[in-house]
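Participant: So here's structure25.pdb (PDB, C-alpha atoms, pLDDT in the B column).
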ATOM      1  CA  MET A   1      10.516  20.014  10.447  1.00 82.00           C
ATOM      2  CA  LYS A   2       7.796  18.446  12.577  1.00 89.00           C
ATOM      3  CA  PRO A   3       6.893  14.777  12.042  1.00 87.00           C
ATOM      4  CA  LEU A   4       3.305  15.641  11.049  1.00 92.00           C
ATOM      5  CA  LEU A   5       4.597  17.665   8.121  1.00 96.00           C
ATOM      6  CA  GLY A   6       6.845  14.727   7.231  1.00 95.00           C
ATOM      7  CA  TYR A   7       3.817  12.434   7.101  1.00 95.00           C
ATOM      8  CA  LEU A   8       2.003  14.918   4.864  1.00 97.00           C
ATOM      9  CA  PHE A   9       4.979  15.062   2.488  1.00 97.00           C
ATOM     10  CA  LEU A  10       5.114  11.252   2.559  1.00 97.00           C
ATOM     11  CA  ALA A  11       1.418  10.990   1.663  1.00 97.00           C
ATOM     12  CA  ASN A  12       1.938  13.539  -1.110  1.00 98.00           C
ATOM     13  CA  GLY A  13       4.888  11.531  -2.419  1.00 98.00           C
ATOM     14  CA  ILE A  14       2.850   8.330  -2.445  1.00 97.00           C
ATOM     15  CA  ILE A  15      -0.056   9.954  -4.289  1.00 98.00           C
ATOM     16  CA  PHE A  16       2.183  11.565  -6.895  1.00 98.00           C
ATOM     17  CA  GLY A  17       4.252   8.373  -7.157  1.00 97.00           C
ATOM     18  CA  ILE A  18       1.154   6.411  -8.080  1.00 97.00           C
ATOM     19  CA  ALA A  19       0.140   9.140 -10.536  1.00 97.00           C
ATOM     20  CA  SER A  20       3.582   9.321 -12.177  1.00 97.00           C
ATOM     21  CA  ASN A  21       3.757   5.547 -12.651  1.00 96.00           C
ATOM     22  CA  SER A  22       0.241   5.563 -14.040  1.00 95.00           C
ATOM     23  CA  PHE A  23       1.109   8.287 -16.537  1.00 96.00           C
ATOM     24  CA  ALA A  24       4.214   6.312 -17.516  1.00 96.00           C
ATOM     25  CA  LYS A  25       1.885   3.538 -18.697  1.00 93.00           C
ATOM     26  CA  ILE A  26      -0.567   5.928 -20.341  1.00 95.00           C
ATOM     27  CA  SER A  27       2.282   7.724 -22.196  1.00 96.00           C
ATOM     28  CA  GLU A  28       2.953   4.498 -24.139  1.00 95.00           C
ATOM     29  CA  GLY A  29       6.727   4.662 -23.835  1.00 95.00           C
ATOM     30  CA  PHE A  30       6.810   8.474 -23.870  1.00 96.00           C
ATOM     31  CA  THR A  31       5.228   8.599 -27.319  1.00 97.00           C
ATOM     32  CA  LYS A  32       2.267  10.708 -26.154  1.00 97.00           C
ATOM     33  CA  LEU A  33       3.250  14.246 -25.197  1.00 97.00           C
ATOM     34  CA  THR A  34       0.787  15.239 -22.457  1.00 97.00           C
ATOM     35  CA  PRO A  35       1.014  12.039 -20.378  1.00 97.00           C
ATOM     36  CA  SER A  36       4.814  12.096 -20.804  1.00 97.00           C
ATOM     37  CA  ILE A  37       5.083  15.643 -19.471  1.00 98.00           C
ATOM     38  CA  LEU A  38       2.737  14.833 -16.574  1.00 98.00           C
ATOM     39  CA  CYS A  39       4.743  11.700 -15.769  1.00 97.00           C
ATOM     40  CA  ILE A  40       8.022  13.640 -15.556  1.00 98.00           C
ATOM     41  CA  LEU A  41       6.429  16.510 -13.613  1.00 98.00           C
ATOM     42  CA  PHE A  42       4.816  14.134 -11.118  1.00 98.00           C
ATOM     43  CA  MET A  43       8.102  12.228 -10.716  1.00 98.00           C
ATOM     44  CA  CYS A  44       9.814  15.488  -9.778  1.00 98.00           C
ATOM     45  CA  ILE A  45       7.063  16.282  -7.261  1.00 98.00           C
ATOM     46  CA  THR A  46       7.357  12.744  -5.891  1.00 98.00           C
ATOM     47  CA  MET A  47      11.120  12.972  -5.360  1.00 97.00           C
ATOM     48  CA  PHE A  48      10.821  16.415  -3.771  1.00 98.00           C
ATOM     49  CA  SER A  49       8.099  15.177  -1.423  1.00 98.00           C
ATOM     50  CA  ILE A  50      10.022  12.045  -0.421  1.00 97.00           C
ATOM     51  CA  ALA A  51      13.180  14.067   0.210  1.00 96.00           C
ATOM     52  CA  LYS A  52      11.247  16.478   2.436  1.00 97.00           C
ATOM     53  CA  ALA A  53       9.568  13.573   4.247  1.00 96.00           C
ATOM     54  CA  MET A  54      12.963  11.983   4.912  1.00 94.00           C
ATOM     55  CA  SER A  55      14.177  15.163   6.581  1.00 95.00           C
ATOM     56  CA  ALA A  56      11.505  14.692   9.278  1.00 93.00           C
ATOM     57  CA  LEU A  57      11.052  10.908   9.354  1.00 92.00           C
ATOM     58  CA  PRO A  58      13.506   8.012   9.550  1.00 90.00           C
ATOM     59  CA  VAL A  59      14.772   7.044   6.092  1.00 90.00           C
ATOM     60  CA  GLY A  60      13.891   3.340   6.403  1.00 86.00           C
ATOM     61  CA  PHE A  61      10.375   4.119   7.549  1.00 88.00           C
ATOM     62  CA  ALA A  62       9.757   6.758   4.877  1.00 92.00           C
ATOM     63  CA  TYR A  63      11.149   4.796   1.957  1.00 91.00           C
ATOM     64  CA  ALA A  64       9.589   1.466   2.941  1.00 89.00           C
ATOM     65  CA  THR A  65       6.195   3.128   3.311  1.00 93.00           C
ATOM     66  CA  TYR A  66       6.551   5.086   0.079  1.00 95.00           C
ATOM     67  CA  SER A  67       7.686   2.157  -2.034  1.00 94.00           C
ATOM     68  CA  GLY A  68       5.259  -0.399  -0.597  1.00 93.00           C
ATOM     69  CA  LEU A  69       2.176   1.778  -0.829  1.00 94.00           C
ATOM     70  CA  THR A  70       3.142   3.125  -4.246  1.00 96.00           C
ATOM     71  CA  VAL A  71       3.521  -0.389  -5.664  1.00 95.00           C
ATOM     72  CA  THR A  72       0.189  -1.386  -4.124  1.00 95.00           C
ATOM     73  CA  GLY A  73      -1.487   1.743  -5.491  1.00 96.00           C
ATOM     74  CA  VAL A  74      -0.133   1.176  -8.989  1.00 96.00           C
ATOM     75  CA  VAL A  75      -1.437  -2.406  -8.942  1.00 96.00           C
ATOM     76  CA  LEU A  76      -4.868  -1.134  -7.886  1.00 95.00           C
ATOM     77  CA  PHE A  77      -4.743   1.472 -10.661  1.00 95.00           C
ATOM     78  CA  ALA A  78      -3.893  -1.257 -13.186  1.00 95.00           C
ATOM     79  CA  VAL A  79      -6.829  -3.343 -11.973  1.00 96.00           C
ATOM     80  CA  LEU A  80      -9.270  -0.444 -12.202  1.00 96.00           C
ATOM     81  CA  LYS A  81      -8.043   1.270 -15.387  1.00 95.00           C
ATOM     82  CA  PHE A  82      -6.657  -1.572 -17.495  1.00 94.00           C
ATOM     83  CA  ASN A  83      -8.458  -4.586 -15.997  1.00 96.00           C
ATOM     84  CA  GLN A  84      -5.048  -6.196 -15.316  1.00 95.00           C
ATOM     85  CA  ILE A  85      -5.988  -8.677 -12.621  1.00 95.00           C
ATOM     86  CA  PRO A  86      -2.960 -10.157 -10.819  1.00 96.00           C
ATOM     87  CA  ASN A  87      -2.757 -13.923 -10.511  1.00 97.00           C
ATOM     88  CA  LEU A  88      -2.608 -15.722  -7.164  1.00 97.00           C
ATOM     89  CA  TYR A  89       1.130 -15.145  -6.797  1.00 97.00           C
ATOM     90  CA  GLY A  90       0.708 -11.451  -7.546  1.00 95.00           C
ATOM     91  CA  VAL A  91      -2.026 -11.115  -4.917  1.00 96.00           C
ATOM     92  CA  ILE A  92       0.134 -12.948  -2.356  1.00 97.00           C
ATOM     93  CA  GLY A  93       3.038 -10.652  -3.236  1.00 96.00           C
ATOM     94  CA  ILE A  94       0.951  -7.509  -2.725  1.00 95.00           C
ATOM     95  CA  ILE A  95      -0.330  -8.853   0.606  1.00 95.00           C
ATOM     96  CA  LEU A  96       3.267  -9.527   1.687  1.00 96.00           C
ATOM     97  CA  ILE A  97       4.259  -5.988   0.673  1.00 94.00           C
ATOM     98  CA  ILE A  98       1.446  -4.551   2.790  1.00 92.00           C
ATOM     99  CA  ILE A  99       2.432  -6.801   5.720  1.00 92.00           C
ATOM    100  CA  GLY A 100       6.026  -5.617   5.301  1.00 90.00           C
ATOM    101  CA  VAL A 101       4.991  -1.955   5.418  1.00 89.00           C
ATOM    102  CA  VAL A 102       2.945  -2.597   8.562  1.00 88.00           C
ATOM    103  CA  MET A 103       5.859  -4.430  10.166  1.00 88.00           C
ATOM    104  CA  VAL A 104       8.331  -1.648   9.383  1.00 85.00           C
ATOM    105  CA  ASN A 105       5.923   1.012  10.638  1.00 82.00           C
ATOM    106  CA  TYR A 106       4.650  -0.605  13.811  1.00 82.00           C
ATOM    107  CA  LEU A 107       6.835  -3.503  14.824  1.00 75.00           C
ATOM    108  CA  GLY A 108      10.057  -1.765  13.787  1.00 66.00           C
ATOM    109  CA  LYS A 109       9.440   0.915  16.422  1.00 63.00           C
ATOM    110  CA  LEU A 110       9.630  -1.634  19.246  1.00 49.00           C
ATOM    111  CA  ASN A 111      13.423  -1.878  18.992  1.00 47.00           C
TER     112      ASN A 111
END
Is it possible to give me this structure as structure tokens?
Facilitator:
Amino acid sequence: MKPLLGYLFLANGIIFGIASNSFAKISEGFTKLTPSILCILFMCITMFSIAKAMSALPVGFAYATYSGLTVTGVVLFAVLKFNQIPNLYGVIGIILIIIGVVMVNYLGKLN
């Protein structure tokens, strides 16, 4: 598989990862049927996409990017949908996650 396709699968995994985590919250502990089904479906799509991305991209790069951007996306979703504003330490943590993703993606390739 070509790297470009790997990046597309990675982006797909990140988008569906954010969506699945968001539906996990909306499902209220899997007590609501439709959000629960969407959460599980999107988790399956996420895992498929990440597995396909890892077949074309280095595992460390793919997983670090997926996890960092998914966490950041879920925090942004929580801010927008549920008005859950992180405190100073939460904001610093998210900034450090983003810096970590950048370091793995750009500075990690120098070695």
Participant: Do you know which residues lie at most 6 Å from (-2.0, 1.7, -18.5), with coordinates as in the file and all atoms listed in the file counted, and could you write them as a PyMOL selection string?
Facilitator: chain A and resi 25-26+82
Participant: A:Met43, A:Leu10, A:Ile94, A:Leu88: which is nearest Val75 in chain A, counting all atoms listed in the file?
Facilitator: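 Checking each of A:Met43, A:Leu10, A:Ile94, A:Leu88 against Val75 in chain A, counting all atoms listed in the file, the winner is A:Ile94.
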Participant: May I have the residues within 10 Å of Asn21 in chain A as a PDB file with C-alpha atoms, in the frame of the given file, using only C-alpha atoms and disregarding those fewer than 6 positions away in the same chain?
Facilitator:
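In the end it all went to around20.pdb:
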ATOM      1  CA  SER A  27       2.282   7.724 -22.196  1.00 96.00           C
ATOM      2  CA  CYS A  39       4.743  11.700 -15.769  1.00 97.00           C
ATOM      3  CA  ILE A  40       8.022  13.640 -15.556  1.00 98.00           C
ATOM      4  CA  PHE A  42       4.816  14.134 -11.118  1.00 98.00           C
ATOM      5  CA  MET A  43       8.102  12.228 -10.716  1.00 98.00           C
ATOM      6  CA  THR A  70       3.142   3.125  -4.246  1.00 96.00           C
ATOM      7  CA  VAL A  71       3.521  -0.389  -5.664  1.00 95.00           C
ATOM      8  CA  GLY A  73      -1.487   1.743  -5.491  1.00 96.00           C
ATOM      9  CA  VAL A  74      -0.133   1.176  -8.989  1.00 96.00           C
ATOM     10  CA  PHE A  77      -4.743   1.472 -10.661  1.00 95.00           C
TER      11      PHE A  77
END
Participant: Tell me, in Å to one decimal, how far CA of Ile45 in chain A is from CA of Ala19 in chain A.
Facilitator: 10.5 Å
Participant: List, as a list in words, every residue that the PyMOL selection byres ((chain A and resi 9) around 8) selects in the file provided.
Facilitator: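 When the PyMOL selection byres ((chain A and resi 9) around 8) is applied to the shown file, the picked residues are Leu5, Gly6, Tyr7, Leu8, Leu10, Ala11, Asn12, Gly13, Ser49, Ile50, Lys52 and Ala53 of chain A.
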Participant: Record the distance separating CA of Ser55 in chain A and CA of Leu96 in chain A, expressed in Å with one decimal.
Facilitator: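 If I compute the distance from CA of Ser55 in chain A to CA of Leu96 in chain A, I get 27.4 Å.
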Participant: Just checking: using all atoms listed in the file, which residue out of A:Ile14, A:Ile95, A:Ile85, A:Met1 ends up closest to Phe48 in chain A?
Facilitator: A:Ile14
Participant: Point out the residue among A:Ser22, A:Ile37, A:Lys32, A:Thr46 with the least atom-to-atom distance to Tyr63 in chain A, counting all atoms listed in the file.
Facilitator: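 Nearest to Tyr63 in chain A: A:Thr46.
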Participant: Pick out the closest residue to Met54 in chain A from this set: A:Tyr106, A:Glu28, A:Leu38, A:Lys2. Count all atoms listed in the file.
Facilitator: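 Comparing A:Tyr106, A:Glu28, A:Leu38, A:Lys2 against Met54 in chain A, the winner is A:Lys2.
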Participant: As an exercise, work out the distance from CA of Phe23 in chain A to CA of Val59 in chain A in Å and give it to one decimal place.
Facilitator: 26.5 Å
Participant: Just say which residues the PyMOL selection byres ((chain A and resi 101) around 8) picks in this file, as a list in words.
Facilitator: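 After applying the PyMOL selection byres ((chain A and resi 101) around 8), what remains is Ala64, Thr65, Gly68, Leu69, Ile97, Ile98, Ile99, Gly100, Val102, Met103, Val104 and Asn105 of chain A.
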